[in-house]
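Student: Contents of entry02.cif (mmCIF, C-alpha atoms):
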data_final
#
loop_
_atom_site.label_atom_id
_atom_site.label_comp_id
_atom_site.auth_asym_id
_atom_site.auth_seq_id
_atom_site.Cartn_x
_atom_site.Cartn_y
_atom_site.Cartn_z
CA MET A 944 28.56 -29.93 -67.81
CA SER A 945 26.44 -26.88 -68.54
CA GLY A 946 25.83 -26.59 -64.78
CA SER A 947 29.39 -25.82 -63.72
CA LEU A 948 31.21 -22.50 -63.79
CA ASP A 949 34.45 -24.22 -64.82
CA SER A 950 33.25 -25.27 -68.26
CA TYR A 951 32.20 -21.73 -69.15
CA LEU A 952 35.48 -20.28 -67.91
CA VAL A 953 37.52 -22.83 -69.87
CA LEU A 954 35.45 -22.04 -72.97
CA SER A 955 36.13 -18.35 -72.43
CA GLY A 956 39.85 -18.99 -71.99
CA LEU A 957 39.93 -21.01 -75.20
CA LEU A 958 38.18 -18.20 -77.08
CA PHE A 959 40.62 -15.66 -75.65
CA ALA A 960 43.59 -17.79 -76.73
CA ILE A 961 42.20 -18.08 -80.27
CA GLY A 962 41.74 -14.32 -80.36
CA SER A 963 45.27 -13.66 -79.16
CA PHE A 964 46.65 -16.03 -81.78
CA GLY A 965 44.74 -14.17 -84.47
CA PHE A 966 45.95 -10.82 -83.21
CA LEU A 967 49.60 -11.91 -83.21
CA ALA A 968 49.59 -13.94 -86.40
CA ARG A 969 47.45 -12.13 -88.96
CA ARG A 970 48.90 -9.53 -91.31
CA ASN A 971 45.66 -7.79 -92.17
CA ALA A 972 44.72 -4.89 -89.90
CA ILE A 973 41.02 -5.76 -90.06
CA SER A 974 41.75 -9.39 -89.15
CA MET A 975 43.55 -8.07 -86.09
CA LEU A 976 40.52 -5.97 -85.15
CA MET A 977 38.32 -9.07 -85.53
CA SER A 978 40.64 -10.96 -83.19
CA ILE A 979 40.31 -8.13 -80.66
CA GLU A 980 36.52 -8.52 -80.89
CA LEU A 981 36.95 -12.25 -80.16
CA MET A 982 39.02 -11.47 -77.06
CA VAL A 983 36.50 -8.88 -75.80
CA ASN A 984 33.74 -11.43 -76.27
CA ALA A 985 35.72 -14.04 -74.34
CA VAL A 986 36.13 -11.69 -71.38
CA ASN A 987 32.46 -10.79 -71.53
CA LEU A 988 31.53 -14.47 -71.50
CA SER A 989 33.51 -15.00 -68.31
CA VAL A 990 31.86 -11.94 -66.70
CA VAL A 991 28.38 -13.23 -67.53
CA ALA A 992 29.33 -16.74 -66.35
CA PHE A 993 30.45 -15.39 -62.97
CA GLY A 994 27.20 -13.47 -62.74
CA ALA A 995 25.16 -16.57 -63.46
CA PHE A 996 26.87 -18.70 -60.82
CA VAL A 997 27.75 -16.30 -57.98
CA PRO A 998 24.53 -14.92 -56.42
CA LYS A 999 26.22 -11.82 -54.99
CA LEU A 1000 27.48 -10.72 -58.42
CA GLN A 1001 24.37 -11.50 -60.38
CA THR A 1002 23.01 -8.12 -61.53
CA HIS A 1003 26.38 -6.38 -61.28
CA ALA A 1004 27.80 -8.80 -63.84
CA ALA A 1005 24.97 -8.15 -66.28
CA VAL A 1006 25.46 -4.37 -66.03
CA ILE A 1007 29.22 -4.73 -66.47
CA ALA A 1008 28.66 -6.97 -69.51
CA LEU A 1009 26.38 -4.38 -71.09
CA ILE A 1010 28.93 -1.62 -70.48
CA VAL A 1011 31.70 -3.77 -71.96
CA ILE A 1012 29.59 -4.36 -75.08
CA ALA A 1013 29.04 -0.62 -75.48
CA VAL A 1014 32.72 0.18 -75.03
CA ALA A 1015 33.69 -2.57 -77.48
CA ALA A 1016 31.34 -1.06 -80.06
CA ALA A 1017 33.00 2.34 -79.57
CA GLU A 1018 36.42 0.71 -79.91
CA ALA A 1019 35.39 -1.03 -83.13
CA THR A 1020 34.14 2.25 -84.61
CA VAL A 1021 37.35 4.15 -83.89
CA GLY A 1022 39.58 1.21 -84.82
CA LEU A 1023 37.97 0.72 -88.21
CA ALA A 1024 38.03 4.46 -88.88
CA ILE A 1025 41.77 4.48 -88.15
CA VAL A 1026 42.32 1.50 -90.47
CA ILE A 1027 40.38 3.23 -93.26
CA ALA A 1028 42.33 6.46 -92.72
CA ILE A 1029 45.66 4.61 -92.89
CA TYR A 1030 44.50 2.65 -95.93
CA ARG A 1031 43.75 5.91 -97.69
CA ASN A 1032 47.35 7.03 -97.20
CA LYS A 1033 49.27 3.77 -97.64
CA LYS A 1034 46.98 1.87 -100.03
CA THR A 1035 47.47 -1.41 -98.17
CA PRO A 1036 45.63 -3.11 -95.30
CA LEU A 1037 48.70 -5.13 -94.26
CA VAL A 1038 50.22 -3.99 -90.98
CA ASP A 1039 53.79 -5.05 -91.79
CA GLU A 1040 53.85 -2.56 -94.64
CA TYR A 1041 53.14 0.36 -92.30
CA ASP A 1042 56.85 1.08 -91.88
CA SER A 1043 57.24 4.81 -92.58
CA MET A 1044 58.75 5.40 -89.15
CA SER A 1045 61.59 2.95 -89.73
CA GLN A 1046 62.85 4.70 -92.84
CA MET B 1111 3.07 -31.23 -73.22
CA PRO B 1112 5.92 -29.61 -71.28
CA ILE B 1113 9.45 -30.36 -72.36
CA THR B 1114 11.28 -32.45 -69.79
CA ASP B 1115 14.69 -31.57 -68.37
CA THR B 1116 16.40 -34.56 -69.91
CA ILE B 1117 16.21 -36.21 -73.29
CA PRO B 1118 13.80 -39.15 -72.91
CA MET B 1119 15.37 -42.61 -72.50
CA THR B 1120 18.96 -41.37 -72.55
CA GLY B 1121 19.08 -39.23 -69.42
CA ILE B 1122 21.25 -36.58 -71.08
CA ARG B 1123 20.26 -33.08 -70.03
CA TRP B 1124 19.08 -30.73 -72.77
CA ASP B 1125 21.26 -27.99 -71.25
CA ASP B 1126 24.37 -30.07 -71.75
CA VAL B 1127 23.51 -30.82 -75.37
CA LEU B 1128 22.85 -27.14 -76.06
CA PHE B 1129 26.05 -26.11 -74.32
CA ILE B 1130 28.17 -28.56 -76.30
CA VAL B 1131 26.58 -27.61 -79.63
CA LEU B 1132 26.90 -23.87 -79.00
CA ALA B 1133 30.45 -24.17 -77.66
CA ALA B 1134 31.44 -26.21 -80.73
CA ILE B 1135 29.96 -23.59 -83.07
CA LEU B 1136 31.64 -20.81 -81.08
CA ILE B 1137 35.11 -22.35 -81.04
CA GLY B 1138 34.83 -23.70 -84.59
CA SER B 1139 33.86 -20.37 -86.12
CA ALA B 1140 36.42 -18.51 -83.98
CA LEU B 1141 39.09 -20.83 -85.42
CA LEU B 1142 37.77 -20.10 -88.91
CA VAL B 1143 38.04 -16.35 -88.18
CA VAL B 1144 41.75 -16.61 -87.45
CA THR B 1145 42.67 -19.19 -90.09
CA LEU B 1146 40.65 -18.48 -93.26
CA ARG B 1147 42.49 -16.64 -96.00
CA ASP B 1148 39.52 -14.85 -97.56
CA ILE B 1149 38.82 -11.99 -95.19
CA ILE B 1150 35.13 -11.66 -96.12
CA ARG B 1151 34.66 -15.26 -94.97
CA CYS B 1152 36.47 -14.37 -91.75
CA GLY B 1153 33.90 -11.65 -91.18
CA LEU B 1154 30.99 -14.03 -91.79
CA ALA B 1155 32.51 -16.64 -89.45
CA LEU B 1156 32.87 -13.90 -86.84
CA THR B 1157 29.14 -13.19 -87.17
CA SER B 1158 28.28 -16.83 -86.55
CA SER B 1159 30.54 -16.92 -83.49
CA PHE B 1160 28.71 -13.84 -82.13
CA ALA B 1161 25.41 -15.70 -82.66
CA ALA B 1162 26.64 -18.80 -80.82
CA LEU B 1163 27.81 -16.60 -77.96
CA ALA B 1164 24.35 -15.00 -77.76
CA GLY B 1165 22.95 -18.53 -77.40
CA ILE B 1166 25.37 -19.21 -74.55
CA TYR B 1167 24.22 -16.02 -72.81
CA VAL B 1168 20.64 -17.29 -72.99
CA LEU B 1169 21.84 -20.62 -71.55
CA LEU B 1170 23.42 -18.65 -68.71
CA GLY B 1171 20.01 -17.16 -67.91
CA ASN B 1172 20.77 -13.65 -69.13
CA PRO B 1173 18.35 -12.79 -71.97
CA LEU B 1174 19.01 -9.04 -71.90
CA VAL B 1175 22.73 -9.46 -72.52
CA ALA B 1176 21.92 -12.00 -75.25
CA ALA B 1177 19.57 -9.53 -76.95
CA THR B 1178 22.20 -6.79 -76.69
CA GLN B 1179 24.77 -9.16 -78.17
CA VAL B 1180 22.50 -9.77 -81.16
CA LEU B 1181 21.68 -6.08 -81.64
CA VAL B 1182 25.15 -4.63 -81.12
CA TYR B 1183 27.49 -7.33 -82.38
CA ILE B 1184 25.52 -9.12 -85.10
CA GLY B 1185 23.57 -6.03 -86.11
CA ALA B 1186 26.16 -3.28 -85.88
CA VAL B 1187 29.75 -4.43 -85.40
CA SER B 1188 29.57 -7.19 -88.04
CA VAL B 1189 28.10 -4.84 -90.62
CA LEU B 1190 30.71 -2.20 -89.77
CA LEU B 1191 33.49 -4.79 -90.16
CA LEU B 1192 32.13 -6.03 -93.49
CA PHE B 1193 31.90 -2.46 -94.81
CA ALA B 1194 35.45 -1.74 -93.66
CA ILE B 1195 36.64 -4.95 -95.37
CA MET B 1196 35.00 -3.92 -98.63
CA LEU B 1197 36.53 -0.44 -98.37
CA THR B 1198 40.08 -1.59 -97.72
CA GLN B 1199 40.61 -4.75 -99.75
CA THR B 1200 42.13 -4.18 -103.13
CA LYS B 1201 41.61 -6.59 -106.01
CA ASN B 1202 45.16 -7.81 -105.85
CA ALA B 1203 45.19 -8.10 -102.07
CA PRO B 1204 47.41 -11.02 -101.20
CA THR B 1205 45.29 -14.00 -100.22
CA ARG B 1206 48.45 -16.01 -99.85
CA LEU B 1207 50.59 -14.88 -96.92
CA ALA B 1208 47.66 -14.15 -94.65
CA PHE B 1209 49.94 -14.78 -91.67
CA GLN B 1210 53.03 -13.12 -90.32
CA THR B 1211 56.22 -15.11 -90.56
CA GLN B 1212 56.24 -15.61 -86.78
CA ALA B 1213 52.76 -17.20 -86.78
CA TRP B 1214 54.10 -20.41 -85.27
CA ALA B 1215 55.35 -18.48 -82.24
CA ALA B 1216 51.93 -16.87 -81.92
CA ALA B 1217 50.36 -20.34 -82.02
CA VAL B 1218 52.67 -21.52 -79.23
CA ALA B 1219 51.85 -18.43 -77.16
CA ALA B 1220 48.11 -18.91 -77.66
CA ALA B 1221 48.35 -22.59 -76.70
CA VAL B 1222 50.25 -21.63 -73.54
CA ILE B 1223 47.58 -19.02 -72.67
CA ALA B 1224 44.79 -21.58 -73.19
CA ILE B 1225 46.54 -24.24 -71.08
CA VAL B 1226 47.39 -21.82 -68.26
CA ILE B 1227 43.81 -20.50 -68.10
CA ALA B 1228 42.33 -24.02 -68.20
CA VAL B 1229 44.64 -25.31 -65.45
CA THR B 1230 44.06 -22.24 -63.26
CA VAL B 1231 40.29 -22.41 -63.67
CA THR B 1232 40.04 -26.10 -62.85
CA ALA B 1233 42.46 -25.86 -59.92
CA THR B 1234 40.60 -22.99 -58.26
CA THR B 1235 37.57 -23.54 -56.02
CA TRP B 1236 35.16 -20.79 -56.99
CA PRO B 1237 32.68 -19.56 -54.39
CA SER B 1238 29.80 -20.37 -56.69
CA SER B 1239 26.45 -22.05 -56.37
CA SER B 1240 25.96 -25.18 -58.42
CA GLN B 1241 22.72 -23.82 -59.82
CA ARG B 1242 22.58 -21.30 -62.62
CA LEU B 1243 20.64 -18.18 -61.67
CA TRP B 1244 18.14 -16.43 -63.88
CA THR B 1245 18.91 -12.71 -64.05
CA SER B 1246 15.73 -10.66 -64.26
CA THR B 1247 15.77 -7.70 -66.62
CA SER B 1248 14.02 -5.37 -64.19
CA ASP B 1249 16.76 -6.01 -61.60
CA ILE B 1250 19.35 -5.06 -64.24
CA ALA B 1251 17.40 -1.88 -65.03
CA THR B 1252 17.20 -0.89 -61.35
CA MET B 1253 20.93 -1.50 -60.94
CA LEU B 1254 21.94 0.22 -64.19
CA PHE B 1255 19.97 3.40 -63.53
CA GLY B 1256 20.66 3.39 -59.80
CA THR B 1257 24.09 2.24 -58.64
CA TYR B 1258 25.69 2.36 -62.08
CA VAL B 1259 24.16 5.55 -63.41
CA LEU B 1260 27.52 7.37 -63.53
CA PRO B 1261 29.25 4.67 -65.63
CA PHE B 1262 26.14 4.64 -67.83
CA GLU B 1263 26.46 8.36 -68.49
CA ALA B 1264 30.21 8.01 -69.04
CA VAL B 1265 29.53 5.30 -71.64
CA SER B 1266 27.05 7.54 -73.45
CA VAL B 1267 29.64 10.33 -73.61
CA LEU B 1268 32.23 7.80 -74.81
CA LEU B 1269 29.91 6.57 -77.57
CA THR B 1270 29.26 10.11 -78.75
CA ALA B 1271 32.99 10.83 -78.76
CA ALA B 1272 33.66 7.59 -80.63
CA VAL B 1273 31.08 8.36 -83.32
CA VAL B 1274 32.39 11.90 -83.81
CA GLY B 1275 35.98 10.64 -83.79
CA GLY B 1276 35.15 7.87 -86.25
CA ILE B 1277 33.58 10.31 -88.70
CA PHE B 1278 36.49 12.72 -88.29
CA LEU B 1279 39.09 10.02 -88.93
CA ALA B 1280 37.36 8.32 -91.83
CA HIS B 1281 36.00 11.24 -93.81
CA ARG B 1282 37.85 12.16 -96.96
CA GLU B 1283 39.50 15.52 -96.72
CA ALA B 1284 38.95 18.00 -99.52
CA ASP B 1285 41.96 18.49 -101.77
CA ARG B 1286 44.16 21.12 -100.29
CA PRO B 1287 46.58 22.94 -102.55
CA GLY B 1288 50.24 22.42 -101.80
CA GLU B 1289 49.79 18.89 -100.40
CA ASP B 1290 50.51 15.94 -102.59
CA GLN B 1291 47.54 13.65 -102.84
CA VAL B 1292 48.59 10.04 -102.44
#
Have the structure of the file written as structure tokens, please.

Tutor:
Amino acid sequence: MSGSLDSYLVLSGLLFAIGSFGFLARRNAISMLMSIELMVNAVNLSVVAFGAFVPKLQTHAAVIALIVIAVAAAEATVGLAIVIAIYRNKKTPLVDEYDSMSQ
Amino acid sequence: MPITDTIPMTGIRWDDVLFIVLAAILIGSALLVVTLRDIIRCGLALTSSFAALAGIYVLLGNPLVAATQVLVYIGAVSVLLLFAIMLTQTKNAPTRLAFQTQAWAAAVAAAVIAIVIAVTVTATTWPSSSQRLWTSTSDIATMLFGTYVLPFEAVSVLLTAAVVGGIFLAHREADRPGEDQV
């Protein structure tokens, strides 16, 4: 089971689906950011899995995974800063109350 | 005494046991992240899912990525998320109604995504070896600072921009006359 690419890819797909559910269903902006982190991790898992099973991709996959981790960290920084900035103006972390443009 | 490949007398491979345990922790805590109502607990469950994923990277023979996962995700991103949670949650934040009203549709969509990915993955014949490969860290270093040196530099510029942008967005502006302070 641990020796086949399929099981890792299915695990990654499951994680991605959970993340997308969280992103669509949660009301809290920070919960949505957490779900994005889950989805990024799922994609990274599939990249590393391909690297571990396809000899031609081996080191490329590791480098790509490291770059993805760095970019995800940058995304988390900016995302959380935006949430904090909006919270300071609207006094709520719930995304469905950010409705100034519809008024 | 060296540890054998399989558990004695049962013939189950250690790798399989580790994979199942880590995958169960990963999926279980990911489900907790999206379902728990208390958002601090969501953050802690997210940390444990990062840790399980680091274990899976080790199982995939990639210790450098696993170490980076621990340093960046468990060490930095989790702490950042927990700080942001503490900064934005008010005392009377609604713990009921954690979900949008269309959460059931989101659940259906997520189930469809999971099923489609699982079916596609199992139906495809991947050009892969049946043996997991161990990725050596020095090979990664040669590749990162050779072939991929331009993306590496681009990422460093991106990180600098993100840090500066994060500080700019999150810092409290001094009171300016003529603007109503909310």

Student: Extract, using only C-alpha atoms, all DNA, RNA and protein residues at most 9 Å from Trp1244 in chain B, discarding same-chain residues fewer than 5 positions from it, and format them as a PyMOL selection string.

Tutor: (chain A and resi 995+1001) or (chain B and resi 1170-1173)

Student: Would you write out, as JSON lines, a table of all residues in chain B that have an atom no more than 7 Å from an atom of chain A, listing for each the closest atom pair and the distance in Å to one decimal, considering all atoms listed in the file and ordering rows by chain and rising residue number?

Tutor:
{"residue": "B:Asp1125", "atom": "CA", "partner": "A:Ser945", "partner_atom": "CA", "distance": 6.0}
{"residue": "B:Asp1126", "atom": "CA", "partner": "A:Ser945", "partner_atom": "CA", "distance": 5.0}
{"residue": "B:Phe1129", "atom": "CA", "partner": "A:Ser945", "partner_atom": "CA", "distance": 5.8}
{"residue": "B:Ile1137", "atom": "CA", "partner": "A:Leu958", "partner_atom": "CA", "distance": 6.5}
{"residue": "B:Ala1140", "atom": "CA", "partner": "A:Ile961", "partner_atom": "CA", "distance": 6.9}
{"residue": "B:Leu1141", "atom": "CA", "partner": "A:Ile961", "partner_atom": "CA", "distance": 6.6}
{"residue": "B:Val1144", "atom": "CA", "partner": "A:Gly965", "partner_atom": "CA", "distance": 4.9}
{"residue": "B:Leu1170", "atom": "CA", "partner": "A:Ala995", "partner_atom": "CA", "distance": 5.9}
{"residue": "B:Gly1171", "atom": "CA", "partner": "A:Ala995", "partner_atom": "CA", "distance": 6.8}
{"residue": "B:Val1175", "atom": "CA", "partner": "A:Leu1009", "partner_atom": "CA", "distance": 6.4}
{"residue": "B:Val1187", "atom": "CA", "partner": "A:Ala1016", "partner_atom": "CA", "distance": 6.5}
{"residue": "B:Ala1194", "atom": "CA", "partner": "A:Leu1023", "partner_atom": "CA", "distance": 6.5}
{"residue": "B:Ile1195", "atom": "CA", "partner": "A:Ile973", "partner_atom": "CA", "distance": 6.9}
{"residue": "B:Thr1198", "atom": "CA", "partner": "A:Pro1036", "partner_atom": "CA", "distance": 6.2}
{"residue": "B:Gln1199", "atom": "CA", "partner": "A:Pro1036", "partner_atom": "CA", "distance": 6.9}
{"residue": "B:Ala1208", "atom": "CA", "partner": "A:Arg970", "partner_atom": "CA", "distance": 5.8}
{"residue": "B:Phe1209", "atom": "CA", "partner": "A:Arg969", "partner_atom": "CA", "distance": 4.5}
{"residue": "B:Gln1210", "atom": "CA", "partner": "A:Ala968", "partner_atom": "CA", "distance": 5.3}
{"residue": "B:Gln1212", "atom": "CA", "partner": "A:Ala968", "partner_atom": "CA", "distance": 6.9}
{"residue": "B:Ala1213", "atom": "CA", "partner": "A:Ala968", "partner_atom": "CA", "distance": 4.6}
{"residue": "B:Ala1216", "atom": "CA", "partner": "A:Phe964", "partner_atom": "CA", "distance": 5.3}
{"residue": "B:Ala1217", "atom": "CA", "partner": "A:Phe964", "partner_atom": "CA", "distance": 5.7}
{"residue": "B:Ala1220", "atom": "CA", "partner": "A:Ala960", "partner_atom": "CA", "distance": 4.7}
{"residue": "B:Ala1221", "atom": "CA", "partner": "A:Ala960", "partner_atom": "CA", "distance": 6.8}
{"residue": "B:Ile1223", "atom": "CA", "partner": "A:Ala960", "partner_atom": "CA", "distance": 5.8}
{"residue": "B:Ala1224", "atom": "CA", "partner": "A:Leu957", "partner_atom": "CA", "distance": 5.3}
{"residue": "B:Ile1227", "atom": "CA", "partner": "A:Gly956", "partner_atom": "CA", "distance": 5.8}
{"residue": "B:Ala1228", "atom": "CA", "partner": "A:Val953", "partner_atom": "CA", "distance": 5.2}
{"residue": "B:Val1231", "atom": "CA", "partner": "A:Asp949", "partner_atom": "CA", "distance": 6.2}
{"residue": "B:Thr1232", "atom": "CA", "partner": "A:Asp949", "partner_atom": "CA", "distance": 6.2}
{"residue": "B:Pro1237", "atom": "CA", "partner": "A:Val997", "partner_atom": "CA", "distance": 6.9}
{"residue": "B:Ser1238", "atom": "CA", "partner": "A:Val997", "partner_atom": "CA", "distance": 4.7}
{"residue": "B:Ser1239", "atom": "CA", "partner": "A:Phe996", "partner_atom": "CA", "distance": 5.6}
{"residue": "B:Ser1240", "atom": "CA", "partner": "A:Ser947", "partner_atom": "CA", "distance": 6.3}
{"residue": "B:Gln1241", "atom": "CA", "partner": "A:Gly946", "partner_atom": "CA", "distance": 6.5}
{"residue": "B:Arg1242", "atom": "CA", "partner": "A:Phe996", "partner_atom": "CA", "distance": 5.3}
{"residue": "B:Leu1243", "atom": "CA", "partner": "A:Ala995", "partner_atom": "CA", "distance": 5.1}
{"residue": "B:Thr1245", "atom": "CA", "partner": "A:Thr1002", "partner_atom": "CA", "distance": 6.7}
{"residue": "B:Asp1249", "atom": "CA", "partner": "A:Thr1002", "partner_atom": "CA", "distance": 6.6}
{"residue": "B:Ile1250", "atom": "CA", "partner": "A:Thr1002", "partner_atom": "CA", "distance": 5.5}
{"residue": "B:Met1253", "atom": "CA", "partner": "A:Thr1002", "partner_atom": "CA", "distance": 7.0}
{"residue": "B:Leu1254", "atom": "CA", "partner": "A:Val1006", "partner_atom": "CA", "distance": 6.1}
{"residue": "B:Val1265", "atom": "CA", "partner": "A:Val1014", "partner_atom": "CA", "distance": 6.9}
{"residue": "B:Leu1269", "atom": "CA", "partner": "A:Ala1017", "partner_atom": "CA", "distance": 5.6}
{"residue": "B:Ala1272", "atom": "CA", "partner": "A:Ala1017", "partner_atom": "CA", "distance": 5.4}
{"residue": "B:Val1273", "atom": "CA", "partner": "A:Thr1020", "partner_atom": "CA", "distance": 7.0}
{"residue": "B:Gly1275", "atom": "CA", "partner": "A:Val1021", "partner_atom": "CA", "distance": 6.6}
{"residue": "B:Gly1276", "atom": "CA", "partner": "A:Val1021", "partner_atom": "CA", "distance": 4.9}
{"residue": "B:Leu1279", "atom": "CA", "partner": "A:Ala1024", "partner_atom": "CA", "distance": 5.7}
{"residue": "B:Ala1280", "atom": "CA", "partner": "A:Ala1024", "partner_atom": "CA", "distance": 4.9}
{"residue": "B:Val1292", "atom": "CA", "partner": "A:Asn1032", "partner_atom": "CA", "distance": 6.2}

Student: Expressed in Å to a single decimal, how great is the separation between CA of Ser1246 in chain B and CA of Leu1174 in chain B?

Tutor: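 Separation of CA of Ser1246 in chain B and CA of Leu1174 in chain B: 8.5 Å.
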
Student: What is the CA of Ile1150 in chain B-CA of Ile1184 in chain B distance in Å, reported with one decimal?

Tutor: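 Between CA of Ile1150 in chain B and CA of Ile1184 in chain B the gap works out to 14.8 Å.
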
Student: So how far away is CA of Gly1165 in chain B from CA of Leu1191 in chain B, in Å?

Tutor: 21.5 Å

Student: For Arg1151 in chain B, which of B:Gln1179, B:Thr1116, B:Ser1188, B:Thr1211 is the closest residue, counting only C-alpha atoms?

Tutor: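 Distance minimum relative to Arg1151 in chain B lands on B:Ser1188.
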
Student: I need the residue nearest Ile1130 in chain B from this list: B:Val1143, B:Ile1166, B:Gly1256, B:Val1182. Use only C-alpha atoms for the distance.

Tutor: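 Under the stated criterion, the closest residue is B:Ile1166.
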
Student: Can you work out which one of B:Thr1114, B:Ser1266, B:Thr1234, B:Ser1159 has the shortest atom-to-atom distance to Leu1136 in chain B, counting only C-alpha atoms?

Tutor: B:Ser1159
